[in-house]
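S.K.: Input structure: target.csv, which contains CSV, C-alpha atoms and all ligand atoms.
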chain,number,residue,atom,x,y,z
A,1,MET,CA,-83.0,-41.4,3.6
A,2,THR,CA,-86.7,-41.6,3.6
A,3,LEU,CA,-88.4,-41.4,7.1
A,4,VAL,CA,-90.8,-44.3,7.8
A,5,SER,CA,-93.1,-43.1,10.6
A,6,ASN,CA,-96.6,-43.4,11.9
A,7,ASP,CA,-96.8,-39.7,12.8
A,8,ILE,CA,-100.0,-38.5,11.0
A,9,GLN,CA,-99.6,-34.9,12.1
A,10,LYS,CA,-96.1,-34.8,10.5
A,11,ALA,CA,-97.5,-36.3,7.3
A,12,ALA,CA,-100.2,-33.6,7.2
A,13,GLU,CA,-97.5,-30.9,7.7
A,14,ILE,CA,-95.4,-32.2,4.9
A,15,LEU,CA,-98.4,-32.4,2.5
A,16,ALA,CA,-99.5,-28.9,3.4
A,17,ASN,CA,-96.0,-27.8,2.5
A,18,ASN,CA,-96.5,-29.0,-1.2
A,19,GLU,CA,-94.3,-32.1,-0.6
A,20,LEU,CA,-95.0,-35.8,-1.1
A,21,VAL,CA,-95.9,-38.5,1.5
A,22,ALA,CA,-96.4,-42.1,0.7
A,23,ILE,CA,-99.6,-43.3,2.3
A,24,PRO,CA,-100.9,-46.7,3.2
A,25,THR,CA,-104.2,-48.0,1.8
A,26,GLU,CA,-105.8,-51.4,1.9
A,27,THR,CA,-104.9,-52.0,-1.7
A,28,VAL,CA,-101.3,-50.7,-2.2
A,29,TYR,CA,-99.2,-47.8,-0.9
A,30,GLY,CA,-99.9,-44.5,-2.7
A,31,LEU,CA,-97.6,-41.6,-3.5
A,32,ALA,CA,-99.6,-38.6,-2.3
A,33,ALA,CA,-99.8,-34.9,-2.8
A,34,ASN,CA,-102.4,-32.1,-2.3
A,35,ILE,CA,-104.6,-32.1,-5.5
A,36,PHE,CA,-104.5,-28.3,-5.5
A,37,SER,CA,-100.7,-28.0,-5.3
A,38,GLU,CA,-99.3,-27.8,-8.8
A,39,SER,CA,-95.7,-28.2,-7.5
A,40,GLY,CA,-96.8,-31.2,-5.4
A,41,ILE,CA,-98.5,-32.9,-8.3
A,42,LYS,CA,-95.6,-32.3,-10.6
A,43,LYS,CA,-93.3,-34.0,-8.0
A,44,ILE,CA,-95.5,-37.1,-8.2
A,45,PHE,CA,-95.0,-37.4,-12.0
A,46,ALA,CA,-91.3,-36.6,-11.7
A,47,LEU,CA,-90.5,-39.1,-8.9
A,48,LYS,CA,-92.5,-41.9,-10.5
A,49,GLN,CA,-91.2,-41.0,-14.0
A,50,ARG,CA,-94.8,-41.3,-15.0
A,51,PRO,CA,-96.1,-39.9,-18.3
A,52,LEU,CA,-98.3,-36.8,-17.9
A,53,PHE,CA,-101.1,-38.4,-20.0
A,54,ASN,CA,-101.8,-40.8,-17.2
A,55,PRO,CA,-104.4,-39.3,-14.7
A,56,LEU,CA,-104.2,-39.7,-10.9
A,57,ILE,CA,-106.8,-41.0,-8.5
A,58,VAL,CA,-108.2,-38.5,-6.0
A,59,HIS,CA,-108.6,-39.9,-2.4
A,60,THR,CA,-111.1,-38.5,0.0
A,61,HIS,CA,-112.6,-39.5,3.3
A,62,SER,CA,-116.4,-39.3,2.8
A,63,ILE,CA,-119.1,-39.3,0.2
A,64,GLU,CA,-120.2,-35.8,1.3
A,65,GLU,CA,-116.8,-34.5,0.1
A,66,LEU,CA,-117.4,-35.7,-3.4
A,67,ASP,CA,-119.6,-32.7,-4.2
A,68,LYS,CA,-116.5,-30.6,-4.1
A,69,PHE,CA,-114.9,-32.1,-7.1
A,70,VAL,CA,-117.5,-34.3,-8.9
A,71,SER,CA,-120.3,-32.6,-11.0
A,72,TYR,CA,-122.6,-35.6,-11.4
A,73,ILE,CA,-123.1,-39.0,-9.9
A,74,PRO,CA,-125.0,-41.6,-11.9
A,75,ASN,CA,-127.5,-43.8,-10.0
A,76,LYS,CA,-125.4,-46.9,-10.4
A,77,ALA,CA,-122.4,-45.0,-9.0
A,78,LYS,CA,-124.4,-44.2,-5.9
A,79,LEU,CA,-125.3,-47.9,-5.4
A,80,LEU,CA,-121.6,-48.9,-5.8
A,81,ALA,CA,-120.4,-46.1,-3.5
A,82,GLU,CA,-122.9,-47.3,-0.8
A,83,LYS,CA,-121.8,-50.9,-1.1
A,84,PHE,CA,-118.0,-50.5,-1.5
A,85,TRP,CA,-116.9,-47.3,0.1
A,86,PRO,CA,-114.7,-46.9,2.1
A,87,GLY,CA,-113.0,-49.6,0.0
A,88,SER,CA,-111.1,-50.8,-3.1
A,89,LEU,CA,-113.3,-49.2,-5.8
A,90,THR,CA,-112.3,-46.2,-7.9
A,91,MET,CA,-115.0,-44.5,-9.9
A,92,VAL,CA,-114.4,-42.2,-12.9
A,93,LEU,CA,-116.9,-39.4,-12.7
A,94,PRO,CA,-117.5,-36.1,-14.4
A,95,LYS,CA,-115.3,-33.5,-12.7
A,96,LYS,CA,-115.9,-30.0,-11.5
A,97,SER,CA,-113.6,-27.4,-13.0
A,98,ASP,CA,-111.7,-26.7,-9.8
A,99,VAL,CA,-110.0,-30.1,-10.1
A,100,PRO,CA,-106.7,-29.2,-11.8
A,101,ASP,CA,-106.0,-30.5,-15.3
A,102,LEU,CA,-102.7,-31.8,-14.2
A,103,VAL,CA,-104.4,-34.3,-11.9
A,104,THR,CA,-106.8,-35.6,-14.6
A,105,ALA,CA,-104.4,-35.3,-17.5
A,106,GLY,CA,-106.8,-32.8,-19.1
A,107,LYS,CA,-109.8,-35.1,-19.0
A,108,ASP,CA,-113.3,-33.9,-18.1
A,109,THR,CA,-113.6,-36.8,-15.6
A,110,VAL,CA,-111.8,-37.6,-12.4
A,111,GLY,CA,-111.1,-40.9,-10.7
A,112,VAL,CA,-112.1,-40.9,-7.0
A,113,ARG,CA,-111.9,-43.3,-4.2
A,114,ILE,CA,-112.4,-43.5,-0.4
A,115,PRO,CA,-109.7,-45.9,0.8
A,116,ASN,CA,-110.4,-48.2,3.7
A,117,HIS,CA,-107.4,-47.7,5.9
A,118,THR,CA,-107.8,-46.2,9.4
A,119,VAL,CA,-104.4,-44.3,9.3
A,120,THR,CA,-105.1,-42.7,5.9
A,121,LEU,CA,-108.7,-41.9,6.7
A,122,GLU,CA,-107.5,-40.1,9.8
A,123,LEU,CA,-104.9,-38.2,7.7
A,124,LEU,CA,-107.5,-37.2,5.1
A,125,ARG,CA,-109.9,-36.0,7.9
A,126,ASN,CA,-107.0,-33.8,9.2
A,127,LEU,CA,-106.4,-32.1,5.8
A,128,ASP,CA,-108.5,-29.5,4.1
A,129,PHE,CA,-107.7,-30.8,0.7
A,130,PRO,CA,-108.0,-34.3,-1.0
A,131,LEU,CA,-104.9,-36.3,-2.0
A,132,ALA,CA,-104.0,-37.4,-5.5
A,133,ALA,CA,-102.1,-40.7,-5.2
A,134,PRO,CA,-100.9,-43.2,-7.8
A,135,SER,CA,-99.3,-46.4,-6.6
A,136,ALA,CA,-95.9,-45.6,-4.9
A,137,ASN,CA,-93.7,-47.4,-7.4
A,138,PRO,CA,-91.6,-46.2,-10.3
A,139,PHE,CA,-93.7,-46.3,-13.5
A,140,GLY,CA,-94.2,-49.9,-14.8
A,141,SER,CA,-92.8,-51.7,-11.8
A,142,ILE,CA,-94.5,-53.8,-9.1
A,143,SER,CA,-96.8,-51.8,-6.7
A,144,PRO,CA,-95.7,-51.6,-3.1
A,145,THR,CA,-97.6,-53.4,-0.4
A,146,THR,CA,-95.3,-52.6,2.6
A,147,SER,CA,-93.6,-49.4,3.7
A,148,THR,CA,-90.3,-51.2,3.1
A,149,HIS,CA,-91.1,-51.7,-0.6
A,150,VAL,CA,-91.7,-47.9,-0.9
A,151,ALA,CA,-88.6,-46.9,1.0
A,152,ASN,CA,-86.5,-49.2,-1.2
A,153,TYR,CA,-88.0,-47.7,-4.4
A,154,PHE,CA,-87.5,-44.1,-3.4
A,155,LYS,CA,-84.3,-43.6,-1.5
A,156,GLU,CA,-84.3,-39.9,-2.5
A,157,GLY,CA,-87.0,-37.4,-3.3
A,158,LEU,CA,-89.5,-38.6,-0.8
A,159,GLN,CA,-89.5,-37.2,2.8
A,160,MET,CA,-91.8,-39.7,4.5
A,161,VAL,CA,-93.6,-43.0,4.2
A,162,LEU,CA,-96.6,-43.1,6.6
A,163,GLU,CA,-96.5,-46.5,8.2
A,164,GLY,CA,-99.7,-48.5,7.9
A,165,GLY,CA,-98.5,-52.1,7.9
A,166,ALA,CA,-98.9,-54.6,5.1
A,167,CYS,CA,-101.7,-53.8,2.7
A,168,GLN,CA,-104.6,-56.1,3.4
A,169,ASN,CA,-106.0,-56.5,-0.1
A,170,GLY,CA,-102.6,-56.3,-1.9
A,171,ILE,CA,-103.6,-55.3,-5.4
A,172,GLU,CA,-105.0,-52.0,-6.8
A,173,SER,CA,-108.6,-50.9,-6.7
A,174,THR,CA,-111.1,-52.0,-9.3
A,175,ILE,CA,-111.8,-49.0,-11.6
A,176,ILE,CA,-115.3,-48.4,-12.9
A,177,GLY,CA,-116.2,-45.6,-15.4
A,178,PHE,CA,-119.6,-44.7,-16.9
A,179,GLU,CA,-120.5,-44.5,-20.5
A,180,ASN,CA,-123.8,-42.6,-20.5
A,181,GLU,CA,-125.3,-44.2,-17.4
A,182,THR,CA,-123.8,-47.6,-17.9
A,183,PRO,CA,-120.9,-48.8,-15.8
A,184,VAL,CA,-117.8,-50.1,-17.6
A,185,LEU,CA,-114.9,-51.8,-15.9
A,186,TYR,CA,-111.5,-50.2,-16.8
A,187,ARG,CA,-109.2,-52.1,-14.4
A,188,LEU,CA,-109.6,-55.5,-12.7
A,189,GLY,CA,-108.7,-55.2,-9.1
A,190,SER,CA,-109.4,-55.9,-5.4
A,191,ILE,CA,-113.1,-56.1,-5.9
A,192,SER,CA,-114.1,-59.0,-8.3
A,193,VAL,CA,-116.2,-58.6,-11.4
A,194,GLU,CA,-118.8,-60.9,-9.7
A,195,GLU,CA,-119.1,-58.6,-6.7
A,196,ILE,CA,-119.6,-55.5,-8.9
A,197,GLU,CA,-122.2,-57.4,-11.0
A,198,ALA,CA,-124.1,-58.4,-8.0
A,199,VAL,CA,-124.8,-54.7,-7.4
A,200,VAL,CA,-125.3,-53.3,-11.0
A,201,GLY,CA,-125.8,-56.3,-13.2
A,202,ASP,CA,-123.6,-57.4,-16.1
A,203,ILE,CA,-120.8,-55.0,-17.0
A,204,ALA,CA,-118.4,-54.7,-20.0
A,205,ILE,CA,-114.7,-55.1,-19.3
A,206,LYS,CA,-112.6,-52.6,-21.3
A,207,ASN,CA,-109.2,-52.9,-19.6
A,208,ASN,CA,-106.9,-52.4,-22.5
A,209,LYS,CA,-105.8,-49.4,-24.6
A,210,GLU,CA,-107.7,-50.6,-27.7
A,211,ALA,CA,-111.0,-51.2,-25.9
A,212,ALA,CA,-110.8,-48.1,-23.7
A,213,PRO,CA,-108.9,-45.1,-25.3
A,214,ASP,CA,-110.7,-43.2,-22.5
A,215,ALA,CA,-108.8,-44.9,-19.7
A,216,PRO,CA,-105.1,-44.0,-20.3
A,217,GLY,CA,-102.6,-46.0,-18.3
A,218,MET,CA,-103.9,-49.4,-19.2
A,219,LEU,CA,-100.5,-50.4,-20.6
A,220,SER,CA,-99.9,-53.9,-21.6
A,221,ARG,CA,-96.6,-54.1,-19.7
A,222,HIS,CA,-97.0,-53.0,-16.1
A,223,TYR,CA,-96.6,-54.5,-12.6
A,224,ALA,CA,-93.5,-56.1,-13.8
A,225,PRO,CA,-90.5,-57.7,-12.0
A,226,ASP,CA,-87.1,-57.1,-13.5
A,227,THR,CA,-86.7,-60.9,-13.9
A,228,THR,CA,-88.2,-62.3,-17.1
A,229,THR,CA,-91.6,-63.7,-16.2
A,230,TYR,CA,-93.8,-66.3,-17.9
A,231,LEU,CA,-97.5,-67.2,-17.2
A,232,VAL,CA,-98.4,-70.8,-18.1
A,233,ASN,CA,-100.9,-73.6,-17.3
A,234,ASP,CA,-98.4,-76.3,-16.6
A,235,VAL,CA,-95.4,-75.0,-14.7
A,236,ALA,CA,-93.5,-78.3,-14.3
A,237,SER,CA,-93.4,-79.1,-18.0
A,238,PHE,CA,-92.6,-75.5,-18.9
A,239,ALA,CA,-89.8,-75.4,-16.4
A,240,SER,CA,-88.2,-78.6,-17.9
A,241,GLN,CA,-87.4,-76.5,-21.0
A,242,PHE,CA,-84.9,-74.5,-19.0
A,243,PRO,CA,-82.5,-77.2,-17.5
A,244,ASN,CA,-79.6,-74.7,-17.2
A,245,LYS,CA,-81.4,-71.8,-15.8
A,246,LYS,CA,-82.1,-70.7,-12.2
A,247,VAL,CA,-85.9,-71.0,-12.2
A,248,GLY,CA,-88.3,-69.6,-9.6
A,249,VAL,CA,-91.9,-70.5,-9.6
A,250,LEU,CA,-95.1,-68.9,-8.3
A,251,LEU,CA,-98.0,-71.3,-7.6
A,252,PHE,CA,-101.6,-70.9,-6.4
A,253,ASN,CA,-102.2,-73.8,-4.0
A,254,GLN,CA,-100.1,-76.8,-4.9
A,255,ASN,CA,-96.6,-77.9,-4.8
A,256,ILE,CA,-94.6,-79.4,-7.7
A,257,GLU,CA,-91.7,-81.7,-8.2
A,258,ALA,CA,-89.1,-80.6,-10.7
A,259,ASN,CA,-85.4,-80.9,-10.1
A,260,ASN,CA,-84.2,-77.8,-11.8
A,261,ILE,CA,-86.4,-75.4,-9.8
A,262,LYS,CA,-84.4,-73.3,-7.4
A,263,HIS,CA,-87.2,-71.6,-5.5
A,264,ILE,CA,-91.0,-72.2,-5.1
A,265,GLU,CA,-93.6,-69.8,-3.7
A,266,THR,CA,-97.1,-71.0,-3.1
A,267,LEU,CA,-99.6,-68.2,-2.5
A,268,SER,CA,-102.4,-70.0,-0.7
A,269,ILE,CA,-102.1,-73.7,0.4
A,270,SER,CA,-105.8,-73.7,1.2
A,271,GLY,CA,-106.7,-72.4,-2.2
A,272,ASN,CA,-108.0,-69.0,-1.0
A,273,LEU,CA,-108.0,-66.4,-3.7
A,274,LYS,CA,-108.2,-63.5,-1.3
A,275,GLU,CA,-105.1,-64.7,0.6
A,276,ALA,CA,-103.3,-65.3,-2.7
A,277,THR,CA,-104.1,-61.8,-3.9
A,278,ALA,CA,-102.9,-60.2,-0.7
A,279,LYS,CA,-99.5,-62.0,-1.0
A,280,LEU,CA,-99.1,-61.6,-4.8
A,281,TYR,CA,-97.0,-58.4,-5.0
A,282,ALA,CA,-94.9,-59.0,-1.9
A,283,THR,CA,-94.0,-62.5,-3.4
A,284,LEU,CA,-93.1,-61.0,-6.8
A,285,HIS,CA,-90.9,-58.4,-5.0
A,286,LYS,CA,-89.2,-61.3,-3.1
A,287,LEU,CA,-88.7,-63.5,-6.2
A,288,ASP,CA,-87.2,-60.5,-8.0
A,289,THR,CA,-84.5,-60.2,-5.3
A,290,LEU,CA,-83.4,-63.9,-5.5
A,291,ASP,CA,-81.1,-63.6,-8.5
A,292,LEU,CA,-83.2,-65.9,-10.6
A,293,ASP,CA,-82.9,-66.2,-14.4
A,294,ILE,CA,-86.6,-66.6,-14.9
A,295,ILE,CA,-89.9,-66.6,-12.9
A,296,ILE,CA,-92.6,-69.0,-14.1
A,297,ALA,CA,-96.1,-68.2,-12.7
A,298,GLU,CA,-99.0,-70.5,-12.8
A,299,LYS,CA,-102.3,-69.4,-14.4
A,300,PHE,CA,-104.9,-68.9,-11.7
A,301,PRO,CA,-108.6,-69.9,-11.9
A,302,ASP,CA,-110.2,-67.4,-14.2
A,303,TYR,CA,-113.0,-66.2,-11.9
A,304,GLY,CA,-113.3,-63.9,-8.8
A,305,LEU,CA,-110.0,-62.5,-7.7
A,306,GLY,CA,-108.2,-65.1,-9.9
A,307,LYS,CA,-109.1,-63.0,-12.9
A,308,SER,CA,-107.5,-59.9,-11.3
A,309,ILE,CA,-104.3,-61.9,-10.5
A,310,ASN,CA,-104.1,-63.3,-14.0
A,311,ASP,CA,-104.4,-59.8,-15.4
A,312,ARG,CA,-101.4,-58.6,-13.3
A,313,LEU,CA,-99.3,-61.7,-14.1
A,314,LEU,CA,-100.0,-61.3,-17.8
A,315,ARG,CA,-98.9,-57.7,-17.8
A,316,ALA,CA,-95.8,-58.7,-15.8
A,317,THR,CA,-94.8,-61.1,-18.6
A,318,LYS,CA,-94.7,-58.4,-21.3
A,319,LYS,CA,-91.4,-56.9,-22.6
B,1,LIG,O1,-105.6,-49.0,-5.4
B,1,LIG,C1,-105.4,-48.0,-6.0
B,1,LIG,O2,-106.2,-47.5,-6.9
B,1,LIG,C2,-104.1,-47.3,-5.8
B,1,LIG,C3,-104.1,-46.7,-4.4
B,1,LIG,C4,-102.9,-45.9,-4.0
B,1,LIG,O3,-105.3,-45.9,-4.2
B,1,LIG,N1,-103.8,-46.3,-6.8
B,1,LIG,C5,-103.5,-46.6,-8.1
B,1,LIG,O4,-103.2,-45.5,-8.9
B,1,LIG,O5,-103.4,-47.7,-8.5
B,1,LIG,P1,-102.5,-45.6,-10.3
B,1,LIG,O6,-102.1,-44.2,-10.6
B,1,LIG,O7,-101.3,-46.5,-10.2
B,1,LIG,O8,-103.6,-46.1,-11.3
B,1,LIG,C6,-104.6,-45.2,-11.6
B,1,LIG,C7,-105.3,-45.5,-12.9
B,1,LIG,C8,-104.6,-44.8,-14.0
B,1,LIG,O9,-103.7,-45.7,-14.7
B,1,LIG,C9,-105.7,-44.4,-14.9
B,1,LIG,O10,-105.8,-45.3,-16.0
B,1,LIG,C10,-107.0,-44.5,-14.1
B,1,LIG,O11,-106.6,-44.9,-12.8
B,1,LIG,N2,-107.6,-43.2,-14.1
B,1,LIG,C11,-107.5,-42.3,-13.2
B,1,LIG,N3,-108.3,-41.2,-13.5
B,1,LIG,C12,-108.9,-41.5,-14.6
B,1,LIG,C13,-109.9,-40.9,-15.5
B,1,LIG,N4,-110.3,-39.6,-15.2
B,1,LIG,N5,-110.3,-41.5,-16.6
B,1,LIG,C14,-109.9,-42.8,-16.8
B,1,LIG,N6,-109.0,-43.5,-16.1
B,1,LIG,C15,-108.5,-42.9,-15.0
B,2,MG,MG,-99.9,-48.0,-10.6
Translate the structure of the given file into structure tokens.
Ligand code: TXA
Ligand code: MG

M.R.:
Amino acid sequence: MTLVSNDIQKAAEILANNELVAIPTETVYGLAANIFSESGIKKIFALKQRPLFNPLIVHTHSIEELDKFVSYIPNKAKLLAEKFWPGSLTMVLPKKSDVPDLVTAGKDTVGVRIPNHTVTLELLRNLDFPLAAPSANPFGSISPTTSTHVANYFKEGLQMVLEGGACQNGIESTIIGFENETPVLYRLGSISVEEIEAVVGDIAIKNNKEAAPDAPGMLSRHYAPDTTTYLVNDVASFASQFPNKKVGVLLFNQNIEANNIKHIETLSISGNLKEATAKLYATLHKLDTLDLDIIIAEKFPDYGLGKSINDRLLRATKK
């Protein structure tokens, strides 16, 4: 049984002992180990069944700490750090050689982020090493936004989930890399493209394998429920094609009438994209437990966080 506890000191001891602790962040829960512990990092890949070519994000508590593992910070990265850290932004920066290759999948860059969660910031300040942490889910499945999600995923192999409540933002950080000095977006996430562009101007989005061979892990199927999922514009008419199936639907802000729908989830009655984002994964987790034949999700408005939601829903539909 995995212990779910808010004991920061205990979490620190387990991590210092080369073991894993799941940590809360404002985006999703992470599966953390000491970046300098080879055995700890190997346990992350083994428990998640994650391929070794997929690099991990390094989490630290302050910009001053960055000097320990990043060799160069472009000017626009400094602007983004000032604006969004602590927060849901990961930046891929040139690494110092002390960052182990296992963490970065052999790349000469490292993904770094200062999470905005009081519990995990306090934990990080209590440690004399940073934490590598991917999302705390088996490879390819929906990321966890509560300690219960994590404990349900990993009934063995994980000593402790550090309790931090439900994640406020609810989807992963936005990832920005730099090609020469120019920022490029590798993963849509909790901070919208528009918010990033307000700081550094227009940026290119390269969030798939073809566009960004440099950002491994941008797999087309990801964040997926076990139940077959569709993403469509008109949920009611699509649902009518499945008269004999148990259909669950995921909607933005409306309600629909259709007599063969077994379960309806609406993410934000008031049409608030931030609220919808925060509830997205918990709602997908829930729909996945309802013994449905199919889940039909509505396409969200394609701006702001709606773009990030559509990205995750599209990846959830892939086989
Ligand atoms: O919100 C988040 O970012 C969460 C929380 C726990 O911080 N973490 C997270 O980690 O989503 P993960 O491992 O599920 O996704 C990290 C992605 C990888 O798939 C990889 O593509 C990218 O970050 N990444 C990490 N280091 C990189 C690097 N050096 N170059 C390019 N991409 C990198
Ligand atoms: Mg992940």

S.K.: Measuring atom to atom with only C-alpha atoms, identify which of A:Val235, A:Val184, A:Ile35, A:Val249 is nearest to Lys76 (chain A).

M.R.: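 Closest to Lys76 (chain A) of all the choices is A:Val184.
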
S.K.: Quick one: residues within 12 Å of region 144-155 of chain A, all atoms listed in the file counted, chain neighbours fewer than 6 positions away excluded, as a count of residues only?

M.R.: 54

S.K.: Just to confirm, what's the straight-line distance from CA of Ile261 (chain A) to CA of Ala297 (chain A) in Å (one decimal)?

M.R.: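 Spanning CA of Ile261 (chain A) to CA of Ala297 (chain A) is a straight-line distance of 12.4 Å.
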
S.K.: For Glu194 (chain A), which residue out of A:Glu64, A:Asp302, A:Asp311, A:Glu82 is the nearest one, using only C-alpha atoms?

M.R.: A:Asp302

S.K.: Box for region 53-60 of chain A - axis-aligned, 8 Å on each of the six sides, all listed atoms - centre and size in Å to one decimal, as lines of an AutoDock Vina configuration file.

M.R.:
center_x = -106.1
center_y = -39.7
center_z = -10.0
size_x = 26.0
size_y = 18.6
size_z = 36.0

S.K.: Could you please extract the residues within 6 Å of ligand LIG 1 (chain B), counting only C-alpha atoms and all ligand atoms, and hand them back as a list in words?

M.R.: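 Within the 6 Å cut-off, the matching residues are Thr27, Val28, Tyr29, Gly30, Asn54, Pro55, Leu56, Ile57, Val92, Thr104, Lys107, Thr109, Val110, Gly111, Ala133, Pro134, Ser135, Glu172, Ser173, Asp214, Ala215, Pro216, Gly217 and Met218 of chain A.
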
S.K.: Of the candidates A:Met160, A:Ile191, A:Leu121, A:Leu219, which shows the shortest atom-to-atom distance to ligand MG 2 (chain B), using all atoms listed in the file?

M.R.: A:Leu219

S.K.: Within 8 Å of Lys299 (chain A), counting all atoms listed in the file, which residues qualify if same-chain residues fewer than 6 places away don't, as a list in words?

M.R.: Leu231, Val232, Asn233 and Asn310 of chain A

S.K.: Could you check which of A:Ser88, A:Ser37, A:Asn207, A:Ser141 is closest to ligand MG 2 (chain B), using only C-alpha atoms and all ligand atoms?

M.R.: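 Of the candidates, the smallest distance to ligand MG 2 (chain B) is held by A:Ser141.
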